[in-house]
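Participant: My questions all concern the structure below.
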Amino acid sequence: MKILILGYSSLCKRKIIPALKKIFIKAKFCISSKSQTRQYIGESEWFDSYEEALKKSNADLVYISLINSTHYYWAKKFLKNNYHVIIDKPATLNFKQAKDLVKIAKKKRKLLSEAVVFQHHHQINKAMKEIKSIKNLNSVEARFVIPKLPKKNFRNYEKYGGGCLLDMGSYAAAIFRMYINEDYSKVSIQCSSNYNKNGLNKNFNVIVLTPNKFFTGFFSFNGKYENTLALSTKQKKVTINRVFSPPNDQNLILQINRGRVKKEKKIKKDDVFLNYFKFIFKTIKRKSFKNSYQNILKDSFFREKLKKI
């Protein structure tokens with residue numbers, strides 16, 4: 001399989017390309033970037049134009065790692081030209097765009113996946129073994145706070161699809177889908193946000209209540225670093241650290257509280273993007289795209305509900 005990377009982003013340099021190099025012995029990826037010159041990092045080709053890459057790369061799969069406002073435009077182009085498509089979060093700016101892309105992907109029988117990858121780290125499975133079953137969950141609490149972004153970062157600008165709710169809302173949506181997954185008629189959703197002087201969302205707090213459990217989450221672009229997910233039952237609380245952006249070169253710690261007894265479990269280092277790509281390649285081989293379509297629609301719909309509250 002040949003992969004085209006659209007946009008030579010920081011994420012590509014740090015996570016995506018290193019993961020692909022672990023999978024492929026020989027270079028089977030090419031890059032298209034308008035802003036940077038060829039890097040000679042193992043790519044088979046380098047395109048200075050996205051249109052040229054679309055026509056000449058002969059790739060099977062495109063990974064779109066561009067500013068948020070351009071995701072829909074280029075995903076639509078590549079799907080229509082028979083590419084499998086992965087898109088950085090958020091895949092789309094709204095639910096209407098998500099429905100449109102899924103419709104095209106179904107017609108073309110192609111993969112469409114949003115790269116919300118944290119669930120592919122083995123610490124998630126380790127935590128669930130402690131919980132034993134999602135049915136046992138009483139509450140889920142997420143906190144993801146990063147320091148203030150550099151002024152020129154595109155996430156600081158509404159015209160580029162910026163704002164905390166749109167960007168980190170993908171994590172909140174994935175948590176709802178993975179751990180709550182109730183019919184919207186059976187849940188109460190509350191969301192409060194703060195905005196900067198330019199009217200851009202800089203943080204949000206979400207509360208989801210169901211008859212049997214609740215989910216709370218605080219996400220922010222401006223504060224002291226936090227990155228945790230806590231899963232609680234009647235008997236214990238399991239806290240996952242560095243959950244949304246786990247490093248691939250460090251061991252992590254799972255914290256387990258059971259009454260007054262506290263213990264820690266060492267989690268061996270794991271490459272979440274490597275696991276994600278292996279999952280993607282198996283999905284393409286099996287041509288089993290239904291879950292990916294449903295996940296994009298569910299997550300986009302949840303983000304839309306948060307925006308409207």
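Residue numbering restarts at 1 in every chain; chains get A, B, ... in the order shown in the structure tokens, and ligands count up from 1 in that same order.
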Might you pull out every residue within 8 Å of region 297-307 of chain A, with only C-alpha atoms counted and same-chain residues fewer than 5 positions away left off, and present them as JSON, numbers by chain?
Facilitator: {"A": [92, 94, 95, 98, 99, 102, 165, 166, 169, 170, 173, 174, 177, 189, 190, 191, 206]}
Participant: When DSSP works through the backbone of this structure, what residues of region 166-288 of chain A end up as strand (DSSP E or B), shown as number ranges by chain?
Facilitator: A: 188-195, 201-209, 214-220, 226-232, 237-241, 252-258, 261-267
Participant: So, with only C-alpha atoms as the atoms that count, which of A:Val238, A:Ile31, A:Val261, A:Leu6 lies closest to Val85 (chain A)?
Facilitator: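 For Val85 (chain A), the nearest of the given residues is A:Leu6.
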Participant: Could you name the residues that touch region 33-41 of chain A at 9 Å or less, counting only C-alpha atoms, but leaving out those on the same chain fewer than 5 positions away, as an mmCIF file with N, CA and C atoms, in the first residue's frame?
Facilitator:
```cif
data_model
loop_
_atom_site.group_PDB
_atom_site.id
_atom_site.type_symbol
_atom_site.label_atom_id
_atom_site.label_comp_id
_atom_site.auth_asym_id
_atom_site.auth_seq_id
_atom_site.Cartn_x
_atom_site.Cartn_y
_atom_site.Cartn_z
ATOM 1 N N ILE A 5 0.876 11.654 2.202
ATOM 2 C CA ILE A 5 0.660 12.544 3.348
ATOM 3 C C ILE A 5 0.469 13.946 2.809
ATOM 4 N N LEU A 6 -0.694 14.501 3.058
ATOM 5 C CA LEU A 6 -1.028 15.831 2.554
ATOM 6 C C LEU A 6 -0.802 16.851 3.665
ATOM 7 N N GLY A 7 0.316 17.572 3.579
ATOM 8 C CA GLY A 7 0.671 18.529 4.610
ATOM 9 C C GLY A 7 1.762 17.989 5.508
ATOM 10 N N TYR A 8 2.907 18.653 5.512
ATOM 11 C CA TYR A 8 4.048 18.196 6.322
ATOM 12 C C TYR A 8 3.976 18.890 7.678
ATOM 13 N N SER A 9 3.020 18.458 8.494
ATOM 14 C CA SER A 9 2.737 19.090 9.777
ATOM 15 C C SER A 9 3.679 18.596 10.864
ATOM 16 N N ILE A 17 5.010 9.800 10.378
ATOM 17 C CA ILE A 17 6.084 9.235 9.556
ATOM 18 C C ILE A 17 6.909 8.209 10.331
ATOM 19 N N TRP A 46 7.942 13.726 -3.618
ATOM 20 C CA TRP A 46 7.556 14.964 -2.933
ATOM 21 C C TRP A 46 6.832 15.858 -3.933
ATOM 22 N N PHE A 47 5.640 16.301 -3.557
ATOM 23 C CA PHE A 47 4.839 17.143 -4.442
ATOM 24 C C PHE A 47 4.669 18.526 -3.818
ATOM 25 N N ASP A 48 4.864 19.557 -4.632
ATOM 26 C CA ASP A 48 4.705 20.942 -4.152
ATOM 27 C C ASP A 48 3.268 21.427 -4.270
ATOM 28 N N SER A 49 2.416 20.635 -4.882
ATOM 29 C CA SER A 49 1.026 21.007 -5.105
ATOM 30 C C SER A 49 0.118 19.853 -4.695
ATOM 31 N N TYR A 50 -0.966 20.161 -3.970
ATOM 32 C CA TYR A 50 -1.927 19.133 -3.579
ATOM 33 C C TYR A 50 -2.636 18.563 -4.806
#
```
Participant: Counting only C-alpha atoms, which residues in region 14-110 of chain A sit no more than 9 Å from region 263-275 of chain A? For each one, give the nearest pair of atoms and the distance in Å, sorted by chain then residue number, as CSV.
Facilitator:
```
residue,atom,partner,partner_atom,distance
A:Lys15,CA,A:Phe273,CA,6.6
A:Ile16,CA,A:Phe273,CA,6.5
A:Pro18,CA,A:Leu274,CA,8.4
A:Ala19,CA,A:Leu274,CA,4.8
A:Leu20,CA,A:Leu274,CA,7.0
A:Lys22,CA,A:Leu274,CA,7.5
A:Ile23,CA,A:Leu274,CA,7.5
```
Participant: Could you turn the residues from that selection into a file that holds N, CA and C atoms, as an mmCIF file, in the first residue's frame?
Facilitator:
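Result written to result.cif:
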```cif
data_model
loop_
_atom_site.group_PDB
_atom_site.id
_atom_site.type_symbol
_atom_site.label_atom_id
_atom_site.label_comp_id
_atom_site.auth_asym_id
_atom_site.auth_seq_id
_atom_site.Cartn_x
_atom_site.Cartn_y
_atom_site.Cartn_z
ATOM 1 N N LYS A 15 4.982 11.924 14.773
ATOM 2 C CA LYS A 15 4.215 10.704 15.044
ATOM 3 C C LYS A 15 3.938 9.842 13.811
ATOM 4 N N ILE A 16 3.444 10.471 12.738
ATOM 5 C CA ILE A 16 2.918 9.702 11.611
ATOM 6 C C ILE A 16 4.025 9.025 10.817
ATOM 7 N N PRO A 18 7.299 8.462 11.597
ATOM 8 C CA PRO A 18 8.010 7.421 12.353
ATOM 9 C C PRO A 18 7.225 6.118 12.468
ATOM 10 N N ALA A 19 5.902 6.225 12.624
ATOM 11 C CA ALA A 19 5.078 5.010 12.709
ATOM 12 C C ALA A 19 5.066 4.266 11.383
ATOM 13 N N LEU A 20 4.943 4.990 10.277
ATOM 14 C CA LEU A 20 4.935 4.355 8.962
ATOM 15 C C LEU A 20 6.265 3.673 8.661
ATOM 16 N N LYS A 22 8.146 2.238 10.760
ATOM 17 C CA LYS A 22 8.211 0.983 11.506
ATOM 18 C C LYS A 22 7.449 -0.128 10.793
ATOM 19 N N ILE A 23 6.435 0.262 10.034
ATOM 20 C CA ILE A 23 5.609 -0.727 9.346
ATOM 21 C C ILE A 23 6.253 -1.176 8.044
#
```
Participant: In Å, rounded to a single decimal, give me how far CA of Asn212 (chain A) is from CA of Thr239 (chain A).
Facilitator: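 Interatomic distance here is 20.2 Å.
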Participant: Rounded to one decimal in Å, what is the spacing between CA of Asp60 (chain A) and CA of Arg286 (chain A)?
Facilitator: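 CA of Asp60 (chain A) sits 14.8 Å away from CA of Arg286 (chain A).
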Participant: As a PDB file with N, CA and C atoms, in the first residue's frame, please: every residue in region 65-286 of chain A that DSSP puts in alpha helix (DSSP H).
Facilitator:
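So selection_20.pdb came out as:
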```pdb
ATOM      1  N   HIS A  71     -10.047  20.569   5.641  1.00  0.00           N
ATOM      2  CA  HIS A  71     -10.208  19.115   5.706  1.00  0.00           C
ATOM      3  C   HIS A  71     -11.307  18.617   4.769  1.00  0.00           C
ATOM      4  N   TYR A  72     -12.468  19.237   4.862  1.00  0.00           N
ATOM      5  CA  TYR A  72     -13.623  18.782   4.073  1.00  0.00           C
ATOM      6  C   TYR A  72     -13.338  18.885   2.576  1.00  0.00           C
ATOM      7  N   TYR A  73     -12.790  20.009   2.144  1.00  0.00           N
ATOM      8  CA  TYR A  73     -12.546  20.241   0.709  1.00  0.00           C
ATOM      9  C   TYR A  73     -11.647  19.161   0.121  1.00  0.00           C
ATOM     10  N   TRP A  74     -10.528  18.895   0.800  1.00  0.00           N
ATOM     11  CA  TRP A  74      -9.574  17.944   0.234  1.00  0.00           C
ATOM     12  C   TRP A  74     -10.014  16.502   0.440  1.00  0.00           C
ATOM     13  N   ALA A  75     -10.692  16.207   1.512  1.00  0.00           N
ATOM     14  CA  ALA A  75     -11.212  14.853   1.717  1.00  0.00           C
ATOM     15  C   ALA A  75     -12.213  14.509   0.622  1.00  0.00           C
ATOM     16  N   LYS A  76     -13.059  15.449   0.297  1.00  0.00           N
ATOM     17  CA  LYS A  76     -14.056  15.228  -0.754  1.00  0.00           C
ATOM     18  C   LYS A  76     -13.378  14.975  -2.098  1.00  0.00           C
ATOM     19  N   LYS A  77     -12.354  15.770  -2.399  1.00  0.00           N
ATOM     20  CA  LYS A  77     -11.620  15.610  -3.669  1.00  0.00           C
ATOM     21  C   LYS A  77     -10.987  14.230  -3.769  1.00  0.00           C
ATOM     22  N   PHE A  78     -10.330  13.801  -2.701  1.00  0.00           N
ATOM     23  CA  PHE A  78      -9.617  12.533  -2.754  1.00  0.00           C
ATOM     24  C   PHE A  78     -10.573  11.344  -2.740  1.00  0.00           C
ATOM     25  N   LEU A  79     -11.667  11.430  -1.997  1.00  0.00           N
ATOM     26  CA  LEU A  79     -12.657  10.352  -2.033  1.00  0.00           C
ATOM     27  C   LEU A  79     -13.225  10.178  -3.432  1.00  0.00           C
ATOM     28  N   LYS A  80     -13.542  11.277  -4.068  1.00  0.00           N
ATOM     29  CA  LYS A  80     -14.108  11.213  -5.416  1.00  0.00           C
ATOM     30  C   LYS A  80     -13.118  10.647  -6.424  1.00  0.00           C
ATOM     31  N   PHE A  95     -21.727  18.734  11.135  1.00  0.00           N
ATOM     32  CA  PHE A  95     -22.349  17.437  10.868  1.00  0.00           C
ATOM     33  C   PHE A  95     -22.736  17.296   9.397  1.00  0.00           C
ATOM     34  N   LYS A  96     -23.152  18.364   8.781  1.00  0.00           N
ATOM     35  CA  LYS A  96     -23.528  18.330   7.360  1.00  0.00           C
ATOM     36  C   LYS A  96     -22.351  17.873   6.500  1.00  0.00           C
ATOM     37  N   GLN A  97     -21.162  18.414   6.762  1.00  0.00           N
ATOM     38  CA  GLN A  97     -19.979  18.006   6.010  1.00  0.00           C
ATOM     39  C   GLN A  97     -19.670  16.529   6.250  1.00  0.00           C
ATOM     40  N   ALA A  98     -19.817  16.084   7.495  1.00  0.00           N
ATOM     41  CA  ALA A  98     -19.545  14.681   7.819  1.00  0.00           C
ATOM     42  C   ALA A  98     -20.479  13.757   7.048  1.00  0.00           C
ATOM     43  N   LYS A  99     -21.760  14.096   7.001  1.00  0.00           N
ATOM     44  CA  LYS A  99     -22.721  13.274   6.261  1.00  0.00           C
ATOM     45  C   LYS A  99     -22.376  13.217   4.784  1.00  0.00           C
ATOM     46  N   ASP A 100     -21.939  14.325   4.233  1.00  0.00           N
ATOM     47  CA  ASP A 100     -21.589  14.386   2.822  1.00  0.00           C
ATOM     48  C   ASP A 100     -20.397  13.477   2.512  1.00  0.00           C
ATOM     49  N   LEU A 101     -19.362  13.542   3.346  1.00  0.00           N
ATOM     50  CA  LEU A 101     -18.182  12.713   3.122  1.00  0.00           C
ATOM     51  C   LEU A 101     -18.500  11.228   3.270  1.00  0.00           C
ATOM     52  N   VAL A 102     -19.296  10.881   4.266  1.00  0.00           N
ATOM     53  CA  VAL A 102     -19.660   9.474   4.465  1.00  0.00           C
ATOM     54  C   VAL A 102     -20.478   8.958   3.282  1.00  0.00           C
ATOM     55  N   LYS A 103     -21.338   9.781   2.762  1.00  0.00           N
ATOM     56  CA  LYS A 103     -22.144   9.395   1.591  1.00  0.00           C
ATOM     57  C   LYS A 103     -21.242   9.056   0.405  1.00  0.00           C
ATOM     58  N   ILE A 104     -20.224   9.895   0.167  1.00  0.00           N
ATOM     59  CA  ILE A 104     -19.298   9.661  -0.946  1.00  0.00           C
ATOM     60  C   ILE A 104     -18.458   8.412  -0.687  1.00  0.00           C
ATOM     61  N   ALA A 105     -17.965   8.273   0.548  1.00  0.00           N
ATOM     62  CA  ALA A 105     -17.134   7.114   0.896  1.00  0.00           C
ATOM     63  C   ALA A 105     -17.910   5.810   0.699  1.00  0.00           C
ATOM     64  N   LYS A 106     -19.168   5.796   1.095  1.00  0.00           N
ATOM     65  CA  LYS A 106     -19.992   4.599   0.910  1.00  0.00           C
ATOM     66  C   LYS A 106     -20.156   4.279  -0.575  1.00  0.00           C
ATOM     67  N   LYS A 107     -20.413   5.296  -1.350  1.00  0.00           N
ATOM     68  CA  LYS A 107     -20.610   5.107  -2.793  1.00  0.00           C
ATOM     69  C   LYS A 107     -19.346   4.564  -3.455  1.00  0.00           C
ATOM     70  N   LYS A 108     -18.197   5.067  -3.019  1.00  0.00           N
ATOM     71  CA  LYS A 108     -16.920   4.656  -3.603  1.00  0.00           C
ATOM     72  C   LYS A 108     -16.343   3.408  -2.928  1.00  0.00           C
ATOM     73  N   HIS A 122      -2.343   0.625  24.389  1.00  0.00           N
ATOM     74  CA  HIS A 122      -2.742  -0.526  25.199  1.00  0.00           C
ATOM     75  C   HIS A 122      -3.085  -0.163  26.641  1.00  0.00           C
ATOM     76  N   GLN A 123      -2.819   1.080  27.070  1.00  0.00           N
ATOM     77  CA  GLN A 123      -3.232   1.477  28.412  1.00  0.00           C
ATOM     78  C   GLN A 123      -4.761   1.517  28.543  1.00  0.00           C
ATOM     79  N   ILE A 124      -5.455   1.752  27.428  1.00  0.00           N
ATOM     80  CA  ILE A 124      -6.921   1.754  27.450  1.00  0.00           C
ATOM     81  C   ILE A 124      -7.440   0.360  27.777  1.00  0.00           C
ATOM     82  N   ASN A 125      -6.875  -0.651  27.132  1.00  0.00           N
ATOM     83  CA  ASN A 125      -7.286  -2.037  27.419  1.00  0.00           C
ATOM     84  C   ASN A 125      -6.936  -2.440  28.849  1.00  0.00           C
ATOM     85  N   LYS A 126      -5.768  -1.996  29.318  1.00  0.00           N
ATOM     86  CA  LYS A 126      -5.359  -2.307  30.693  1.00  0.00           C
ATOM     87  C   LYS A 126      -6.341  -1.704  31.695  1.00  0.00           C
ATOM     88  N   ALA A 127      -6.759  -0.475  31.417  1.00  0.00           N
ATOM     89  CA  ALA A 127      -7.720   0.185  32.305  1.00  0.00           C
ATOM     90  C   ALA A 127      -9.061  -0.537  32.294  1.00  0.00           C
ATOM     91  N   MET A 128      -9.497  -0.954  31.106  1.00  0.00           N
ATOM     92  CA  MET A 128     -10.785  -1.642  31.014  1.00  0.00           C
ATOM     93  C   MET A 128     -10.755  -3.003  31.701  1.00  0.00           C
ATOM     94  N   LYS A 129      -9.612  -3.660  31.733  1.00  0.00           N
ATOM     95  CA  LYS A 129      -9.510  -4.926  32.459  1.00  0.00           C
ATOM     96  C   LYS A 129      -9.714  -4.711  33.953  1.00  0.00           C
ATOM     97  N   GLU A 130      -9.283  -3.553  34.445  1.00  0.00           N
ATOM     98  CA  GLU A 130      -9.508  -3.218  35.854  1.00  0.00           C
ATOM     99  C   GLU A 130     -10.989  -2.975  36.127  1.00  0.00           C
ATOM    100  N   ILE A 131     -11.656  -2.329  35.162  1.00  0.00           N
ATOM    101  CA  ILE A 131     -13.088  -2.028  35.305  1.00  0.00           C
ATOM    102  C   ILE A 131     -13.937  -3.278  35.071  1.00  0.00           C
ATOM    103  N   CYS A 164     -11.148  25.807  20.843  1.00  0.00           N
ATOM    104  CA  CYS A 164     -10.991  24.599  21.662  1.00  0.00           C
ATOM    105  C   CYS A 164     -12.139  23.616  21.460  1.00  0.00           C
ATOM    106  N   LEU A 165     -13.357  24.116  21.357  1.00  0.00           N
ATOM    107  CA  LEU A 165     -14.523  23.237  21.258  1.00  0.00           C
ATOM    108  C   LEU A 165     -14.477  22.387  19.999  1.00  0.00           C
ATOM    109  N   LEU A 166     -14.088  22.982  18.889  1.00  0.00           N
ATOM    110  CA  LEU A 166     -14.017  22.228  17.641  1.00  0.00           C
ATOM    111  C   LEU A 166     -12.871  21.230  17.669  1.00  0.00           C
ATOM    112  N   ASP A 167     -11.713  21.653  18.186  1.00  0.00           N
ATOM    113  CA  ASP A 167     -10.529  20.811  18.170  1.00  0.00           C
ATOM    114  C   ASP A 167     -10.582  19.710  19.233  1.00  0.00           C
ATOM    115  N   MET A 168     -10.716  20.083  20.495  1.00  0.00           N
ATOM    116  CA  MET A 168     -10.742  19.095  21.564  1.00  0.00           C
ATOM    117  C   MET A 168     -12.106  18.449  21.736  1.00  0.00           C
ATOM    118  N   GLY A 169     -13.117  19.014  21.091  1.00  0.00           N
ATOM    119  CA  GLY A 169     -14.436  18.383  21.111  1.00  0.00           C
ATOM    120  C   GLY A 169     -14.413  16.979  20.553  1.00  0.00           C
ATOM    121  N   SER A 170     -13.417  16.694  19.703  1.00  0.00           N
ATOM    122  CA  SER A 170     -13.272  15.341  19.154  1.00  0.00           C
ATOM    123  C   SER A 170     -12.986  14.329  20.254  1.00  0.00           C
ATOM    124  N   TYR A 171     -12.224  14.730  21.269  1.00  0.00           N
ATOM    125  CA  TYR A 171     -11.940  13.838  22.387  1.00  0.00           C
ATOM    126  C   TYR A 171     -13.191  13.623  23.245  1.00  0.00           C
ATOM    127  N   ALA A 172     -13.917  14.702  23.515  1.00  0.00           N
ATOM    128  CA  ALA A 172     -15.146  14.585  24.296  1.00  0.00           C
ATOM    129  C   ALA A 172     -16.150  13.672  23.591  1.00  0.00           C
ATOM    130  N   ALA A 173     -16.248  13.834  22.266  1.00  0.00           N
ATOM    131  CA  ALA A 173     -17.173  13.007  21.491  1.00  0.00           C
ATOM    132  C   ALA A 173     -16.770  11.539  21.523  1.00  0.00           C
ATOM    133  N   ALA A 174     -15.473  11.271  21.411  1.00  0.00           N
ATOM    134  CA  ALA A 174     -14.992   9.888  21.422  1.00  0.00           C
ATOM    135  C   ALA A 174     -15.248   9.232  22.771  1.00  0.00           C
ATOM    136  N   ILE A 175     -15.086   9.990  23.855  1.00  0.00           N
ATOM    137  CA  ILE A 175     -15.347   9.447  25.195  1.00  0.00           C
ATOM    138  C   ILE A 175     -16.825   9.089  25.342  1.00  0.00           C
ATOM    139  N   VAL A 272       1.010   4.581  19.722  1.00  0.00           N
ATOM    140  CA  VAL A 272      -0.413   4.615  19.423  1.00  0.00           C
ATOM    141  C   VAL A 272      -0.677   4.788  17.928  1.00  0.00           C
ATOM    142  N   PHE A 273       0.165   5.554  17.221  1.00  0.00           N
ATOM    143  CA  PHE A 273      -0.033   5.715  15.779  1.00  0.00           C
ATOM    144  C   PHE A 273       0.336   4.442  15.022  1.00  0.00           C
ATOM    145  N   LEU A 274       1.337   3.728  15.489  1.00  0.00           N
ATOM    146  CA  LEU A 274       1.673   2.439  14.884  1.00  0.00           C
ATOM    147  C   LEU A 274       0.479   1.495  14.986  1.00  0.00           C
ATOM    148  N   ASN A 275      -0.129   1.423  16.159  1.00  0.00           N
ATOM    149  CA  ASN A 275      -1.300   0.566  16.359  1.00  0.00           C
ATOM    150  C   ASN A 275      -2.473   1.021  15.492  1.00  0.00           C
ATOM    151  N   TYR A 276      -2.644   2.331  15.398  1.00  0.00           N
ATOM    152  CA  TYR A 276      -3.743   2.876  14.593  1.00  0.00           C
ATOM    153  C   TYR A 276      -3.582   2.495  13.120  1.00  0.00           C
ATOM    154  N   PHE A 277      -2.376   2.655  12.583  1.00  0.00           N
ATOM    155  CA  PHE A 277      -2.162   2.325  11.176  1.00  0.00           C
ATOM    156  C   PHE A 277      -2.324   0.835  10.916  1.00  0.00           C
ATOM    157  N   LYS A 278      -1.887  -0.010  11.827  1.00  0.00           N
ATOM    158  CA  LYS A 278      -2.096  -1.450  11.665  1.00  0.00           C
ATOM    159  C   LYS A 278      -3.589  -1.764  11.619  1.00  0.00           C
ATOM    160  N   PHE A 279      -4.343  -1.095  12.488  1.00  0.00           N
ATOM    161  CA  PHE A 279      -5.802  -1.258  12.499  1.00  0.00           C
ATOM    162  C   PHE A 279      -6.412  -0.794  11.170  1.00  0.00           C
ATOM    163  N   ILE A 280      -5.934   0.341  10.668  1.00  0.00           N
ATOM    164  CA  ILE A 280      -6.440   0.880   9.407  1.00  0.00           C
ATOM    165  C   ILE A 280      -6.172  -0.077   8.247  1.00  0.00           C
ATOM    166  N   PHE A 281      -4.971  -0.608   8.172  1.00  0.00           N
ATOM    167  CA  PHE A 281      -4.619  -1.501   7.067  1.00  0.00           C
ATOM    168  C   PHE A 281      -5.446  -2.783   7.111  1.00  0.00           C
ATOM    169  N   LYS A 282      -5.721  -3.301   8.314  1.00  0.00           N
ATOM    170  CA  LYS A 282      -6.587  -4.474   8.442  1.00  0.00           C
ATOM    171  C   LYS A 282      -8.009  -4.146   7.998  1.00  0.00           C
ATOM    172  N   THR A 283      -8.469  -2.943   8.363  1.00  0.00           N
ATOM    173  CA  THR A 283      -9.810  -2.515   7.987  1.00  0.00           C
ATOM    174  C   THR A 283      -9.949  -2.424   6.471  1.00  0.00           C
ATOM    175  N   ILE A 284      -8.940  -1.874   5.822  1.00  0.00           N
ATOM    176  CA  ILE A 284      -8.962  -1.757   4.362  1.00  0.00           C
ATOM    177  C   ILE A 284      -8.913  -3.139   3.709  1.00  0.00           C
ATOM    178  N   LYS A 285      -8.078  -4.014   4.240  1.00  0.00           N
ATOM    179  CA  LYS A 285      -7.964  -5.363   3.686  1.00  0.00           C
ATOM    180  C   LYS A 285      -9.289  -6.103   3.778  1.00  0.00           C
ATOM    181  N   ARG A 286     -10.004  -5.909   4.888  1.00  0.00           N
ATOM    182  CA  ARG A 286     -11.286  -6.590   5.094  1.00  0.00           C
ATOM    183  C   ARG A 286     -12.455  -5.859   4.428  1.00  0.00           C
TER     184      ARG A 286
END
```
Participant: Which of these residues is nearest to Asp249 (chain A), using only C-alpha atoms: A:Arg14, A:Met1, A:Gly217, A:Ala53?
Facilitator: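 Using only C-alpha atoms, the shortest distance to Asp249 (chain A) belongs to A:Arg14.
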Participant: Find the residue from A:Arg143, A:Lys55, A:Lys152, A:Lys159 that sits nearest to Leu93 (chain A); use only C-alpha atoms when measuring.
Facilitator: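 Nearest candidate to Leu93 (chain A) out of A:Arg143, A:Lys55, A:Lys152, A:Lys159: A:Lys159.
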Participant: What separation in Å, quoted to one decimal, exists between CA of Asn295 (chain A) and CA of Met178 (chain A)?
Facilitator: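 Computing it gives 9.8 Å between the two atoms.
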Participant: Please list as a PDB file with N, CA and C atoms, in the first residue's frame every residue within 7 Å of Ser220 (chain A), counting only C-alpha atoms and excluding residues in the same chain fewer than 4 positions away.
Facilitator:
```
ATOM      1  N   PHE A 144      -8.281  17.713  29.920  1.00  0.00           N
ATOM      2  CA  PHE A 144      -7.199  17.910  28.953  1.00  0.00           C
ATOM      3  C   PHE A 144      -6.975  19.412  28.817  1.00  0.00           C
ATOM      4  N   VAL A 145      -5.870  19.864  29.387  1.00  0.00           N
ATOM      5  CA  VAL A 145      -5.527  21.292  29.380  1.00  0.00           C
ATOM      6  C   VAL A 145      -4.112  21.436  28.849  1.00  0.00           C
ATOM      7  N   ILE A 146      -3.922  22.348  27.897  1.00  0.00           N
ATOM      8  CA  ILE A 146      -2.586  22.627  27.378  1.00  0.00           C
ATOM      9  C   ILE A 146      -2.275  24.103  27.574  1.00  0.00           C
ATOM     10  N   CYS A 164     -11.148  25.807  20.843  1.00  0.00           N
ATOM     11  CA  CYS A 164     -10.991  24.599  21.662  1.00  0.00           C
ATOM     12  C   CYS A 164     -12.139  23.616  21.460  1.00  0.00           C
ATOM     13  N   LYS A 202     -12.021  29.282  23.964  1.00  0.00           N
ATOM     14  CA  LYS A 202     -10.710  28.907  24.510  1.00  0.00           C
ATOM     15  C   LYS A 202     -10.777  27.745  25.496  1.00  0.00           C
ATOM     16  N   ASN A 203     -11.966  27.419  26.008  1.00  0.00           N
ATOM     17  CA  ASN A 203     -12.145  26.223  26.822  1.00  0.00           C
ATOM     18  C   ASN A 203     -13.622  25.862  26.903  1.00  0.00           C
ATOM     19  N   PHE A 204     -13.905  24.645  27.316  1.00  0.00           N
ATOM     20  CA  PHE A 204     -15.302  24.259  27.514  1.00  0.00           C
ATOM     21  C   PHE A 204     -15.387  23.158  28.564  1.00  0.00           C
TER      22      PHE A 204
END
```
Participant: When you count only C-alpha atoms, which of these residues is closest to His120 (chain A): A:Ile256, A:Val243, A:Leu11, A:Ile309?
Facilitator: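 Checking each of A:Ile256, A:Val243, A:Leu11, A:Ile309 against His120 (chain A), counting only C-alpha atoms, the winner is A:Val243.
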Participant: Within 6 Å of Asn257 (chain A), counting only C-alpha atoms, which residues qualify if same-chain residues fewer than 4 places away don't, as an MDAnalysis selection string?
Facilitator: chainID A and resid 236:237 261:262
Participant: Please provide as a VMD selection string all residues within 12 Å of Asn153 (chain A), with the sequence filter that same-chain residues fewer than 5 positions apart are discarded (counting only C-alpha atoms).
Facilitator: chain A and resid 9 to 10 67 to 68 148 158 160 to 163 221
Participant: Keeping only N, CA and C atoms, take the residues you just selected and write them out as a compact mmCIF listing (two decimals), in the first residue's frame.
Facilitator:
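Saved as again_13.txt:
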```txt
# COMPACT_ATOMS: atom_id res chain seq x y z
N SER A 9 3.02 18.46 8.49
CA SER A 9 2.74 19.09 9.78
C SER A 9 3.68 18.60 10.86
N SER A 10 3.62 19.26 12.01
CA SER A 10 4.40 18.82 13.17
C SER A 10 4.01 17.41 13.59
N ILE A 67 -4.75 22.46 7.91
CA ILE A 67 -5.56 23.26 8.84
C ILE A 67 -7.02 22.80 8.76
N ASN A 68 -7.73 22.91 9.87
CA ASN A 68 -9.07 22.33 10.00
C ASN A 68 -10.05 22.77 8.92
N LYS A 148 -1.12 27.97 26.71
CA LYS A 148 -1.56 28.86 25.63
C LYS A 148 -0.77 28.60 24.36
N GLU A 158 -10.60 31.70 13.89
CA GLU A 158 -11.88 31.10 13.53
C GLU A 158 -11.94 30.73 12.05
N TYR A 160 -9.79 29.56 10.19
CA TYR A 160 -9.06 28.32 9.90
C TYR A 160 -9.66 27.12 10.63
N GLY A 161 -10.82 27.32 11.24
CA GLY A 161 -11.45 26.23 11.98
C GLY A 161 -10.88 26.04 13.37
N GLY A 162 -10.45 27.15 13.98
CA GLY A 162 -9.83 27.09 15.29
C GLY A 162 -10.83 27.05 16.42
N GLY A 163 -10.32 27.14 17.63
CA GLY A 163 -11.15 27.11 18.82
C GLY A 163 -11.06 25.77 19.53
N PHE A 221 -7.44 25.39 26.06
CA PHE A 221 -6.25 25.79 25.31
C PHE A 221 -5.36 26.74 26.12
```
